[in-house]
>>> print(open('work.txt').read())   # compact mmCIF, C-alpha atoms and all ligand atoms
# COMPACT_ATOMS: atom_id res chain seq x y z
CA MET E 30 117.24 97.71 125.87
CA ILE E 31 115.13 100.86 125.63
CA ILE E 32 113.42 102.34 128.67
CA VAL E 33 110.54 104.73 128.06
CA LEU E 34 110.37 106.86 131.18
CA LYS E 35 107.33 108.39 132.80
CA ALA E 36 107.40 112.02 131.73
CA GLU E 37 107.58 113.57 135.22
CA GLN E 38 110.45 111.27 136.28
CA ALA E 39 112.38 111.31 133.01
CA ALA E 40 115.06 113.93 133.70
CA PRO E 41 116.28 112.73 137.14
CA THR E 42 116.05 109.05 136.12
CA ILE E 43 118.12 109.65 132.98
CA GLU E 44 120.81 111.19 135.18
CA ALA E 45 120.61 108.27 137.62
CA LEU E 46 120.84 105.73 134.78
CA LYS E 47 123.86 107.52 133.32
CA GLN E 48 125.57 107.34 136.71
CA HIS E 49 124.62 103.69 137.09
CA PHE E 50 125.55 102.36 133.63
CA GLY E 51 127.45 105.13 131.85
CA SER E 52 130.97 103.92 132.53
CA ASP E 53 130.55 100.42 131.01
CA HIS E 54 127.66 100.73 128.54
CA ASP E 55 126.78 102.80 125.49
CA ILE E 56 123.86 105.05 126.37
CA PHE E 57 121.68 107.11 124.04
CA VAL E 58 118.94 109.50 125.09
CA HIS E 59 116.04 110.81 123.04
CA ASN E 60 113.42 112.86 124.93
CA ASN E 61 112.06 110.52 127.62
CA ARG E 62 113.64 107.43 126.03
CA ILE E 63 116.97 105.97 127.00
CA ALA E 64 118.71 103.12 125.20
CA ILE E 65 121.34 101.23 127.18
CA GLN E 66 123.35 98.57 125.38
CA ASN E 67 123.79 95.06 126.81
CA ILE E 68 121.67 95.18 129.94
CA THR E 69 118.45 93.40 130.99
CA PRO E 70 115.53 94.68 133.11
CA ASP E 71 117.01 92.75 136.07
CA ASP E 72 120.00 95.10 136.08
CA LEU E 73 117.74 98.04 137.00
CA THR E 74 117.21 99.09 140.61
CA PRO E 75 113.60 99.04 141.92
CA THR E 76 113.53 102.88 141.73
CA GLU E 77 114.69 102.82 138.12
CA GLN E 78 112.09 100.18 137.29
CA ALA E 79 109.35 102.21 138.95
CA ALA E 80 110.20 105.23 136.79
CA ALA E 81 109.69 103.23 133.60
CA GLU E 82 106.47 103.51 131.67
CA LYS E 83 107.62 100.74 129.33
CA ILE E 84 110.73 98.60 128.90
CA ILE E 85 111.52 97.37 125.39
CA THR E 86 113.90 94.42 125.40
CA LYS E 87 113.64 93.33 121.77
CA VAL E 88 115.65 96.06 120.12
CA PRO E 89 117.45 96.03 116.74
CA ALA E 90 121.22 96.43 116.58
CA ALA E 91 120.78 99.83 114.92
CA VAL E 92 119.00 101.19 117.95
CA GLN E 93 119.42 104.91 117.25
CA ALA E 94 118.00 104.43 113.76
CA SER E 95 114.96 102.68 115.16
CA ARG E 96 111.48 104.14 115.57
CA LEU E 97 111.39 102.37 118.96
CA PHE E 98 114.02 104.83 120.14
CA HIS E 99 113.01 107.81 118.01
CA PRO E 100 109.33 107.51 117.01
CA GLU E 101 108.94 110.81 115.12
CA ASP E 102 110.40 111.55 111.68
CA THR E 103 113.83 113.13 111.53
CA ILE E 104 113.67 116.41 109.68
CA ILE E 105 116.91 117.72 108.22
CA LYS E 106 117.34 121.42 107.54
CA THR E 107 119.92 122.65 105.09
CA PRO E 108 120.23 126.27 103.93
CA HIS E 109 117.66 125.84 101.13
CA SER E 110 115.84 122.58 101.92
CA THR E 111 113.83 120.80 104.58
CA ILE E 112 114.12 117.07 104.18
CA GLY E 113 111.81 114.49 105.81
CA GLY E 114 108.40 114.64 107.46
CA ASP E 115 105.77 115.87 105.02
CA ASN E 116 108.32 117.63 102.84
CA PHE E 117 109.26 116.52 99.35
CA THR E 118 112.80 117.34 98.28
CA LEU E 119 114.07 117.35 94.73
CA MET E 120 117.76 116.93 94.03
CA ALA E 121 119.23 116.93 90.54
CA GLY E 122 122.37 117.57 88.57
CA PRO E 123 124.91 115.83 86.39
CA CYS E 124 126.47 112.54 87.45
CA SER E 125 129.91 114.20 87.33
CA VAL E 126 130.91 117.83 87.53
CA GLU E 127 132.36 118.27 84.02
CA SER E 128 133.28 121.95 84.01
CA ALA E 129 132.29 125.16 85.76
CA GLU E 130 130.19 126.24 82.75
CA HIS E 131 128.44 122.91 82.41
CA VAL E 132 127.55 122.49 86.06
CA LEU E 133 126.15 126.03 86.13
CA LYS E 134 124.03 125.25 83.06
CA MET E 135 122.70 122.11 84.77
CA ALA E 136 122.17 124.02 88.03
CA LYS E 137 119.86 126.39 86.16
CA VAL E 138 117.81 123.43 84.94
CA THR E 139 117.72 122.07 88.49
CA LYS E 140 116.59 125.40 89.91
CA ASN E 141 113.99 126.11 87.22
CA ALA E 142 112.29 122.80 87.89
CA GLY E 143 111.89 123.73 91.56
CA ALA E 144 114.61 121.46 92.93
CA THR E 145 116.57 122.75 95.92
CA VAL E 146 119.65 120.53 95.91
CA LEU E 147 122.30 120.38 93.20
CA ARG E 148 124.13 117.09 92.82
CA GLY E 149 127.39 116.42 91.02
CA GLY E 150 130.35 114.15 91.62
CA ALA E 151 133.83 115.63 91.91
CA PHE E 152 135.28 112.35 93.17
CA LYS E 153 133.84 109.50 91.13
CA PRO E 154 133.77 105.83 92.14
CA ARG E 155 134.13 104.28 88.67
CA THR E 156 134.04 100.60 87.80
CA SER E 157 137.23 101.03 85.77
CA PRO E 158 140.31 102.95 86.96
CA TYR E 159 140.72 104.17 83.37
CA SER E 160 137.32 105.91 83.30
CA PHE E 161 136.94 109.60 84.21
CA GLN E 162 137.68 109.88 87.94
CA GLY E 163 136.26 113.36 88.54
CA LEU E 164 137.68 116.88 88.66
CA GLY E 165 138.49 116.68 92.38
CA LYS E 166 138.86 119.99 94.21
CA ALA E 167 138.25 122.03 91.05
CA GLY E 168 134.94 120.17 90.68
CA LEU E 169 133.95 120.97 94.25
CA ILE E 170 134.69 124.65 93.70
CA ALA E 171 132.65 124.75 90.47
CA LEU E 172 129.74 122.92 92.08
CA ARG E 173 129.69 125.23 95.11
CA LYS E 174 129.87 128.32 92.95
CA ALA E 175 127.00 127.22 90.71
CA ALA E 176 124.86 126.30 93.73
CA ASP E 177 125.55 129.61 95.47
CA GLN E 178 124.75 131.58 92.36
CA LEU E 179 121.29 129.99 92.28
CA ALA E 180 120.62 129.56 96.02
CA LEU E 181 120.79 125.76 95.93
CA ASP E 182 122.26 123.25 98.37
CA VAL E 183 125.09 120.95 97.32
CA VAL E 184 125.27 117.19 97.67
CA THR E 185 128.47 115.50 96.53
CA GLU E 186 130.23 112.24 97.15
CA VAL E 187 133.10 111.80 99.58
CA MET E 188 135.03 108.66 98.69
CA ASP E 189 137.50 108.29 101.50
CA VAL E 190 138.41 109.42 104.97
CA GLU E 191 141.18 111.80 103.85
CA GLN E 192 138.73 113.70 101.62
CA VAL E 193 136.27 114.46 104.44
CA PRO E 194 137.70 117.86 105.51
CA LEU E 195 137.98 119.07 101.90
CA VAL E 196 134.50 117.93 100.84
CA GLU E 197 133.03 119.28 104.09
CA LYS E 198 134.28 122.74 103.11
CA TYR E 199 132.27 122.78 99.88
CA THR E 200 129.18 120.66 100.46
CA ASP E 201 125.93 120.95 102.40
CA ILE E 202 125.31 117.20 102.36
CA PHE E 203 127.89 114.41 102.19
CA GLN E 204 127.02 111.64 99.78
CA ILE E 205 128.30 108.17 100.68
CA GLY E 206 128.15 106.05 97.54
CA ALA E 207 126.68 102.57 97.25
CA ARG E 208 130.16 101.06 96.95
CA ASN E 209 131.21 102.67 100.23
CA MET E 210 128.09 101.92 102.27
CA GLN E 211 130.04 99.59 104.53
CA ASN E 212 133.28 101.55 104.58
CA PHE E 213 133.09 101.84 108.34
CA SER E 214 136.09 104.16 108.67
CA LEU E 215 134.42 106.59 106.27
CA LEU E 216 131.07 106.31 108.08
CA LYS E 217 132.82 107.05 111.37
CA ALA E 218 134.61 110.03 109.82
CA VAL E 219 131.40 111.68 108.56
CA GLY E 220 129.76 110.71 111.85
CA LYS E 221 132.21 113.02 113.58
CA THR E 222 131.13 115.97 111.45
CA ARG E 223 127.86 117.84 111.89
CA LYS E 224 126.93 117.97 108.19
CA PRO E 225 123.96 115.92 106.92
CA VAL E 226 124.86 112.60 105.30
CA MET E 227 123.06 110.99 102.36
CA LEU E 228 123.87 107.29 102.57
CA LYS E 229 123.25 105.24 99.45
CA ARG E 230 122.19 101.64 99.93
CA GLY E 231 124.87 99.23 98.74
CA MET E 232 123.98 97.19 95.70
CA SER E 233 124.07 93.98 97.73
CA ALA E 234 122.99 95.40 101.07
CA THR E 235 119.96 94.21 102.99
CA VAL E 236 117.68 96.68 104.75
CA ASP E 237 119.34 95.78 108.07
CA ASP E 238 122.78 96.31 106.52
CA VAL E 239 121.88 99.86 105.54
CA LEU E 240 120.36 100.57 108.95
CA ASN E 241 123.50 99.27 110.65
CA ALA E 242 125.55 101.51 108.37
CA THR E 243 123.54 104.55 109.53
CA GLU E 244 124.31 103.54 113.09
CA TYR E 245 128.03 104.02 112.47
CA ILE E 246 127.28 107.63 111.54
CA ALA E 247 124.89 108.16 114.46
CA ALA E 248 127.38 106.60 116.90
CA GLY E 249 129.66 109.57 116.22
CA GLY E 250 126.89 111.97 117.20
CA ASN E 251 125.74 112.95 113.70
CA HIS E 252 122.01 112.27 113.46
CA GLN E 253 121.31 114.11 110.22
CA ILE E 254 121.13 111.06 107.99
CA MET E 255 119.06 110.19 104.94
CA ILE E 256 118.98 106.84 103.15
CA VAL E 257 118.87 106.41 99.37
CA GLU E 258 117.28 103.47 97.58
CA ARG E 259 119.21 103.34 94.27
CA GLY E 260 118.53 99.79 93.14
CA ILE E 261 120.10 96.52 94.13
CA ARG E 262 121.63 93.62 92.22
CA THR E 263 119.32 90.77 91.43
CA PHE E 264 119.44 88.06 88.77
CA ASP E 265 118.35 90.27 85.86
CA ASN E 266 120.18 93.39 84.79
CA LYS E 267 119.63 92.93 81.09
CA TYR E 268 117.08 95.75 80.76
CA THR E 269 117.64 97.86 83.86
CA ARG E 270 120.99 98.56 85.53
CA ASN E 271 119.73 97.49 88.95
CA THR E 272 116.45 96.33 90.48
CA PHE E 273 114.69 99.27 92.08
CA ASP E 274 113.60 97.91 95.46
CA VAL E 275 110.47 99.98 95.82
CA GLY E 276 109.35 97.82 98.74
CA ALA E 277 112.34 98.97 100.76
CA ILE E 278 110.88 102.49 100.91
CA PRO E 279 107.82 101.72 103.09
CA VAL E 280 109.85 99.14 105.02
CA LEU E 281 112.50 101.74 105.86
CA HIS E 282 109.80 104.24 106.80
CA LYS E 283 108.37 101.71 109.21
CA LEU E 284 111.69 100.81 110.79
CA THR E 285 113.50 104.13 110.85
CA HIS E 286 112.83 107.82 111.35
CA TYR E 287 115.44 108.88 108.78
CA PRO E 288 114.20 110.36 105.48
CA VAL E 289 114.27 108.00 102.49
CA ILE E 290 115.22 109.34 99.07
CA ALA E 291 114.67 107.47 95.80
CA ASP E 292 117.34 107.47 93.09
CA PRO E 293 115.63 106.21 89.93
CA SER E 294 118.66 107.06 87.74
CA HIS E 295 121.08 104.44 89.07
CA ALA E 296 118.27 101.91 89.38
CA ALA E 297 117.05 102.36 85.80
CA GLY E 298 120.35 102.82 84.01
CA HIS E 299 118.43 103.91 80.91
CA THR E 300 116.73 107.25 80.41
CA GLU E 301 113.41 105.77 79.31
CA PHE E 302 112.89 103.97 82.64
CA VAL E 303 113.92 106.80 84.96
CA THR E 304 110.54 108.58 85.10
CA PRO E 305 108.41 105.46 85.77
CA LEU E 306 110.75 104.44 88.60
CA ALA E 307 110.78 107.97 89.99
CA LEU E 308 106.98 107.95 90.11
CA ALA E 309 106.96 104.52 91.76
CA GLY E 310 109.37 105.85 94.40
CA VAL E 311 107.18 108.87 95.09
CA ALA E 312 104.04 106.71 95.23
CA ALA E 313 105.79 104.42 97.74
CA GLY E 314 106.32 107.45 99.99
CA ALA E 315 109.87 108.57 99.27
CA ASP E 316 110.76 111.89 100.92
CA GLY E 317 112.50 113.05 97.79
CA LEU E 318 114.17 112.17 94.53
CA ILE E 319 117.75 112.46 93.34
CA VAL E 320 118.00 112.45 89.55
CA GLU E 321 120.83 112.74 87.04
CA ILE E 322 120.39 115.26 84.23
CA HIS E 323 122.48 116.23 81.20
CA ASP E 324 121.92 118.47 78.19
CA ASP E 325 124.01 116.22 75.92
CA PRO E 326 123.79 112.70 77.38
CA ALA E 327 125.73 111.11 74.51
CA HIS E 328 128.79 113.11 75.54
CA ALA E 329 128.37 112.97 79.32
CA PHE E 330 131.58 112.12 81.21
CA SER E 331 129.70 109.42 83.17
CA ASP E 332 126.28 107.77 83.31
CA GLY E 333 125.00 109.44 80.11
CA ALA E 334 122.73 106.47 79.35
CA GLN E 335 120.56 107.26 82.35
CA ALA E 336 120.60 111.07 82.24
CA LEU E 337 117.37 112.95 81.63
CA ARG E 338 117.55 115.86 79.22
CA PRO E 339 116.24 119.15 80.65
CA ASP E 340 112.82 118.80 78.94
CA GLU E 341 112.52 115.19 80.10
CA PHE E 342 113.48 116.23 83.61
CA ASN E 343 110.88 119.01 83.68
CA GLU E 344 108.23 116.56 82.61
CA MET E 345 109.32 114.08 85.27
CA VAL E 346 109.14 116.78 87.95
CA THR E 347 105.60 117.76 86.91
CA LYS E 348 104.50 114.14 87.13
CA ALA E 349 106.33 113.51 90.41
CA ASN E 350 104.72 116.58 91.99
CA THR E 351 101.31 115.37 90.84
CA VAL E 352 101.86 111.95 92.42
CA HIS E 353 103.19 113.50 95.61
CA GLN E 354 100.21 115.85 95.90
CA ALA E 355 97.79 112.99 95.26
CA LEU E 356 99.46 111.01 98.02
CA GLN E 357 99.32 113.95 100.43
CA SER E 358 95.61 114.44 99.74
CA THR E 359 94.89 110.86 100.82
CA LYS E 360 96.58 111.33 104.24
C1 LIG C 401 126.31 108.60 91.77
O1 LIG C 401 125.47 109.12 92.53
O2 LIG C 401 126.72 109.12 90.73
C2 LIG C 401 126.79 107.24 92.11
C3 LIG C 401 128.00 106.83 91.79
O3 LIG C 401 125.86 106.51 92.74
P1 LIG C 401 125.94 105.05 93.44
O4 LIG C 401 126.93 105.16 94.55
O5 LIG C 401 124.54 104.82 93.91
O6 LIG C 401 126.35 104.08 92.37
MN MN C 402 126.00 108.50 88.45
>>> encode(input="work.txt", output="structure tokens")
Amino acid sequence: MIIVLKAEQAAPTIEALKQHFGSDHDIFVHNNRIAIQNITPDDLTPTEQAAAEKIITKVPAAVQASRLFHPEDTIIKTPHSTIGGDNFTLMAGPCSVESAEHVLKMAKVTKNAGATVLRGGAFKPRTSPYSFQGLGKAGLIALRKAADQLALDVVTEVMDVEQVPLVEKYTDIFQIGARNMQNFSLLKAVGKTRKPVMLKRGMSATVDDVLNATEYIAAGGNHQIMIVERGIRTFDNKYTRNTFDVGAIPVLHKLTHYPVIADPSHAAGHTEFVTPLALAGVAAGADGLIVEIHDDPAHAFSDGAQALRPDEFNEMVTKANTVHQALQSTK
């Protein structure tokens, strides 16, 4: 249940409600709103009821993610980016960090196009255990160094709980991969940190599944969360790797205050479809894009088939900016 308190009575009533319910119920406070788990309006005292402007009883399980609890957009600030609200954030880089030289070369492409976040996997969740698994710590160091040299933020995947302290040292944003979206131990572990988390929607996850996954992070006190639509599995993956669920973008914006980022690369799976899907994501209102780039896709260590070459990436960015500006001008 969420209680929206009358402004002048909010502070003392929040204290009273904490005293009343705090020992047996989970309580979350946002401005003059308080969410208390597993109670009904009848459990409130007459004084508590009188202080309420509105009582919302039909509340989703992921209450902290909900606009009912937190109506305004969450805006995440990293050293070089502002993510969410009216901002548009570009993130790009290779699928995997391949070497210090290569990631720096790709970071320059990222920077020159106006992106502010450098991506690159040092720990790779591969379909086969015999495929390249990532450079590990050396990859993190190379990624951080390239980003620092060019004043970019870093986003990189953390694959399991034990890696959290190491990855935290080198990244600005934790990436939780699609395959780990419901790894609740991992979600709890990043929820205990105070670094932003970029949560990728699982390939078979519903919208509510992804919102519930964010709640595991928020339950630990970390509210700097963004959600990535990266395509889901449907009946046809003959021509695209996944089905880009463009409809999920406005739906998520309606339901949650967290920024929504579109990943056209993992949805498309093929270079030629990346730009159209990116533009669809922007037109649907995505708060940013995360895109894989490579100067020699045929020899990429992973996901070469979907990598944009630097010139293709520059062209995509020009188009994406045009669509974003057009959208802004209609607001
Ligand atoms: C990636 O970002 O390279 C990646 C593995 O993505 P996903 O978890 O969406 O498959
Ligand atoms: Mn990839």
>>> residues_near_ligand(input="work.txt", ligand="ligand MN 402 (chain C)", cutoff="12 Å", atoms="only C-alpha atoms and all ligand atoms", output="ChimeraX atom specification")
/E:121-126,148-156,161-163,185-186,204,206-207,229,259,270,292-299,319-323,329-337
>>> closest_residue(input="work.txt", among="E:Lys267, E:Leu34, E:Lys198, E:Ala349", to="Ala144 of chain E", atoms="all atoms listed in the file")
E:Ala349
>>> residues_around(input="work.txt", residues="segment 76-80 of chain E", least_positions_apart="5", cutoff="7 Å", atoms="only C-alpha atoms", output="PDB file with C-alpha atoms, in the coordinates of the input")
ATOM      1  CA  LEU E  34     110.370 106.860 131.180  1.00  0.00           C
ATOM      2  CA  LYS E  35     107.330 108.390 132.800  1.00  0.00           C
ATOM      3  CA  GLN E  38     110.450 111.270 136.280  1.00  0.00           C
ATOM      4  CA  THR E  42     116.050 109.050 136.120  1.00  0.00           C
TER       5      THR E  42
END
>>> closest_residue(input="work.txt", among="E:Gln178, E:Asp115, E:Thr300, E:Ser157", to="Leu356 of chain E", atoms="only C-alpha atoms")
E:Asp115
>>> atom_distance(input="work.txt", atom1="atom CA of Ser52 of chain E", atom2="atom CA of Lys224 of chain E")
28.4 Å
>>> decode(input="work.txt", residues="segment 269-280 of chain E", atoms="all heavy atoms", output="PDB file, in the first residue's frame")
ATOM      1  N   THR E 269      16.713 -11.922 -37.721  1.00  0.00           N
ATOM      2  CA  THR E 269      17.286 -11.083 -36.656  1.00  0.00           C
ATOM      3  C   THR E 269      17.608 -12.006 -35.488  1.00  0.00           C
ATOM      4  O   THR E 269      16.985 -13.055 -35.336  1.00  0.00           O
ATOM      5  CB  THR E 269      16.311  -9.981 -36.176  1.00  0.00           C
ATOM      6  OG1 THR E 269      15.094 -10.591 -35.751  1.00  0.00           O
ATOM      7  CG2 THR E 269      16.048  -8.950 -37.257  1.00  0.00           C
ATOM      8  N   ARG E 270      18.569 -11.602 -34.665  1.00  0.00           N
ATOM      9  CA  ARG E 270      18.996 -12.474 -33.557  1.00  0.00           C
ATOM     10  C   ARG E 270      17.889 -12.609 -32.512  1.00  0.00           C
ATOM     11  O   ARG E 270      17.650 -13.663 -31.949  1.00  0.00           O
ATOM     12  CB  ARG E 270      20.256 -11.856 -32.942  1.00  0.00           C
ATOM     13  CG  ARG E 270      20.895 -12.675 -31.856  1.00  0.00           C
ATOM     14  CD  ARG E 270      22.218 -12.026 -31.445  1.00  0.00           C
ATOM     15  NE  ARG E 270      22.801 -12.681 -30.297  1.00  0.00           N
ATOM     16  CZ  ARG E 270      23.920 -12.297 -29.712  1.00  0.00           C
ATOM     17  NH1 ARG E 270      24.592 -11.248 -30.183  1.00  0.00           N
ATOM     18  NH2 ARG E 270      24.392 -12.929 -28.672  1.00  0.00           N
ATOM     19  N   ASN E 271      17.240 -11.481 -32.233  1.00  0.00           N
ATOM     20  CA  ASN E 271      16.130 -11.444 -31.273  1.00  0.00           C
ATOM     21  C   ASN E 271      15.045 -10.547 -31.852  1.00  0.00           C
ATOM     22  O   ASN E 271      15.244  -9.915 -32.886  1.00  0.00           O
ATOM     23  CB  ASN E 271      16.616 -10.882 -29.932  1.00  0.00           C
ATOM     24  CG  ASN E 271      17.543 -11.839 -29.200  1.00  0.00           C
ATOM     25  OD1 ASN E 271      17.122 -12.868 -28.699  1.00  0.00           O
ATOM     26  ND2 ASN E 271      18.833 -11.515 -29.171  1.00  0.00           N
ATOM     27  N   THR E 272      13.911 -10.484 -31.177  1.00  0.00           N
ATOM     28  CA  THR E 272      12.847  -9.578 -31.601  1.00  0.00           C
ATOM     29  C   THR E 272      12.931  -8.335 -30.728  1.00  0.00           C
ATOM     30  O   THR E 272      12.773  -8.416 -29.499  1.00  0.00           O
ATOM     31  CB  THR E 272      11.466 -10.248 -31.438  1.00  0.00           C
ATOM     32  OG1 THR E 272      11.438 -11.403 -32.278  1.00  0.00           O
ATOM     33  CG2 THR E 272      10.345  -9.295 -31.818  1.00  0.00           C
ATOM     34  N   PHE E 273      13.216  -7.212 -31.356  1.00  0.00           N
ATOM     35  CA  PHE E 273      13.342  -5.954 -30.614  1.00  0.00           C
ATOM     36  C   PHE E 273      11.942  -5.550 -30.154  1.00  0.00           C
ATOM     37  O   PHE E 273      11.078  -5.252 -30.981  1.00  0.00           O
ATOM     38  CB  PHE E 273      13.948  -4.890 -31.526  1.00  0.00           C
ATOM     39  CG  PHE E 273      14.231  -3.587 -30.841  1.00  0.00           C
ATOM     40  CD1 PHE E 273      14.954  -3.537 -29.663  1.00  0.00           C
ATOM     41  CD2 PHE E 273      13.794  -2.393 -31.401  1.00  0.00           C
ATOM     42  CE1 PHE E 273      15.235  -2.325 -29.046  1.00  0.00           C
ATOM     43  CE2 PHE E 273      14.078  -1.178 -30.792  1.00  0.00           C
ATOM     44  CZ  PHE E 273      14.790  -1.149 -29.613  1.00  0.00           C
ATOM     45  N   ASP E 274      11.719  -5.556 -28.859  1.00  0.00           N
ATOM     46  CA  ASP E 274      10.383  -5.254 -28.332  1.00  0.00           C
ATOM     47  C   ASP E 274      10.262  -3.747 -28.131  1.00  0.00           C
ATOM     48  O   ASP E 274      10.377  -3.238 -27.022  1.00  0.00           O
ATOM     49  CB  ASP E 274      10.171  -6.020 -27.024  1.00  0.00           C
ATOM     50  CG  ASP E 274       8.762  -5.860 -26.483  1.00  0.00           C
ATOM     51  OD1 ASP E 274       7.924  -5.236 -27.173  1.00  0.00           O
ATOM     52  OD2 ASP E 274       8.509  -6.349 -25.373  1.00  0.00           O
ATOM     53  N   VAL E 275      10.018  -3.074 -29.239  1.00  0.00           N
ATOM     54  CA  VAL E 275       9.980  -1.606 -29.190  1.00  0.00           C
ATOM     55  C   VAL E 275       8.833  -1.124 -28.309  1.00  0.00           C
ATOM     56  O   VAL E 275       8.933  -0.092 -27.643  1.00  0.00           O
ATOM     57  CB  VAL E 275       9.926  -1.035 -30.638  1.00  0.00           C
ATOM     58  CG1 VAL E 275       8.599  -1.281 -31.300  1.00  0.00           C
ATOM     59  CG2 VAL E 275      10.293   0.426 -30.673  1.00  0.00           C
ATOM     60  N   GLY E 276       7.762  -1.907 -28.263  1.00  0.00           N
ATOM     61  CA  GLY E 276       6.612  -1.528 -27.425  1.00  0.00           C
ATOM     62  C   GLY E 276       6.938  -1.492 -25.942  1.00  0.00           C
ATOM     63  O   GLY E 276       6.303  -0.766 -25.173  1.00  0.00           O
ATOM     64  N   ALA E 277       7.938  -2.268 -25.548  1.00  0.00           N
ATOM     65  CA  ALA E 277       8.303  -2.290 -24.127  1.00  0.00           C
ATOM     66  C   ALA E 277       8.850  -0.932 -23.670  1.00  0.00           C
ATOM     67  O   ALA E 277       8.788  -0.614 -22.473  1.00  0.00           O
ATOM     68  CB  ALA E 277       9.338  -3.375 -23.860  1.00  0.00           C
ATOM     69  N   ILE E 278       9.358  -0.136 -24.604  1.00  0.00           N
ATOM     70  CA  ILE E 278       9.975   1.143 -24.204  1.00  0.00           C
ATOM     71  C   ILE E 278       8.918   2.111 -23.648  1.00  0.00           C
ATOM     72  O   ILE E 278       9.046   2.554 -22.502  1.00  0.00           O
ATOM     73  CB  ILE E 278      10.825   1.735 -25.354  1.00  0.00           C
ATOM     74  CG1 ILE E 278      11.986   0.769 -25.665  1.00  0.00           C
ATOM     75  CG2 ILE E 278      11.340   3.134 -24.997  1.00  0.00           C
ATOM     76  CD1 ILE E 278      12.746   1.093 -26.937  1.00  0.00           C
ATOM     77  N   PRO E 279       7.851   2.425 -24.410  1.00  0.00           N
ATOM     78  CA  PRO E 279       6.822   3.295 -23.797  1.00  0.00           C
ATOM     79  C   PRO E 279       6.111   2.645 -22.619  1.00  0.00           C
ATOM     80  O   PRO E 279       5.702   3.340 -21.686  1.00  0.00           O
ATOM     81  CB  PRO E 279       5.852   3.588 -24.952  1.00  0.00           C
ATOM     82  CG  PRO E 279       6.131   2.558 -25.995  1.00  0.00           C
ATOM     83  CD  PRO E 279       7.575   2.179 -25.835  1.00  0.00           C
ATOM     84  N   VAL E 280       5.962   1.321 -22.646  1.00  0.00           N
ATOM     85  CA  VAL E 280       5.312   0.645 -21.513  1.00  0.00           C
ATOM     86  C   VAL E 280       6.153   0.834 -20.251  1.00  0.00           C
ATOM     87  O   VAL E 280       5.642   1.206 -19.190  1.00  0.00           O
ATOM     88  CB  VAL E 280       5.090  -0.862 -21.825  1.00  0.00           C
ATOM     89  CG1 VAL E 280       4.670  -1.614 -20.568  1.00  0.00           C
ATOM     90  CG2 VAL E 280       4.049  -1.032 -22.923  1.00  0.00           C
TER      91      VAL E 280
END
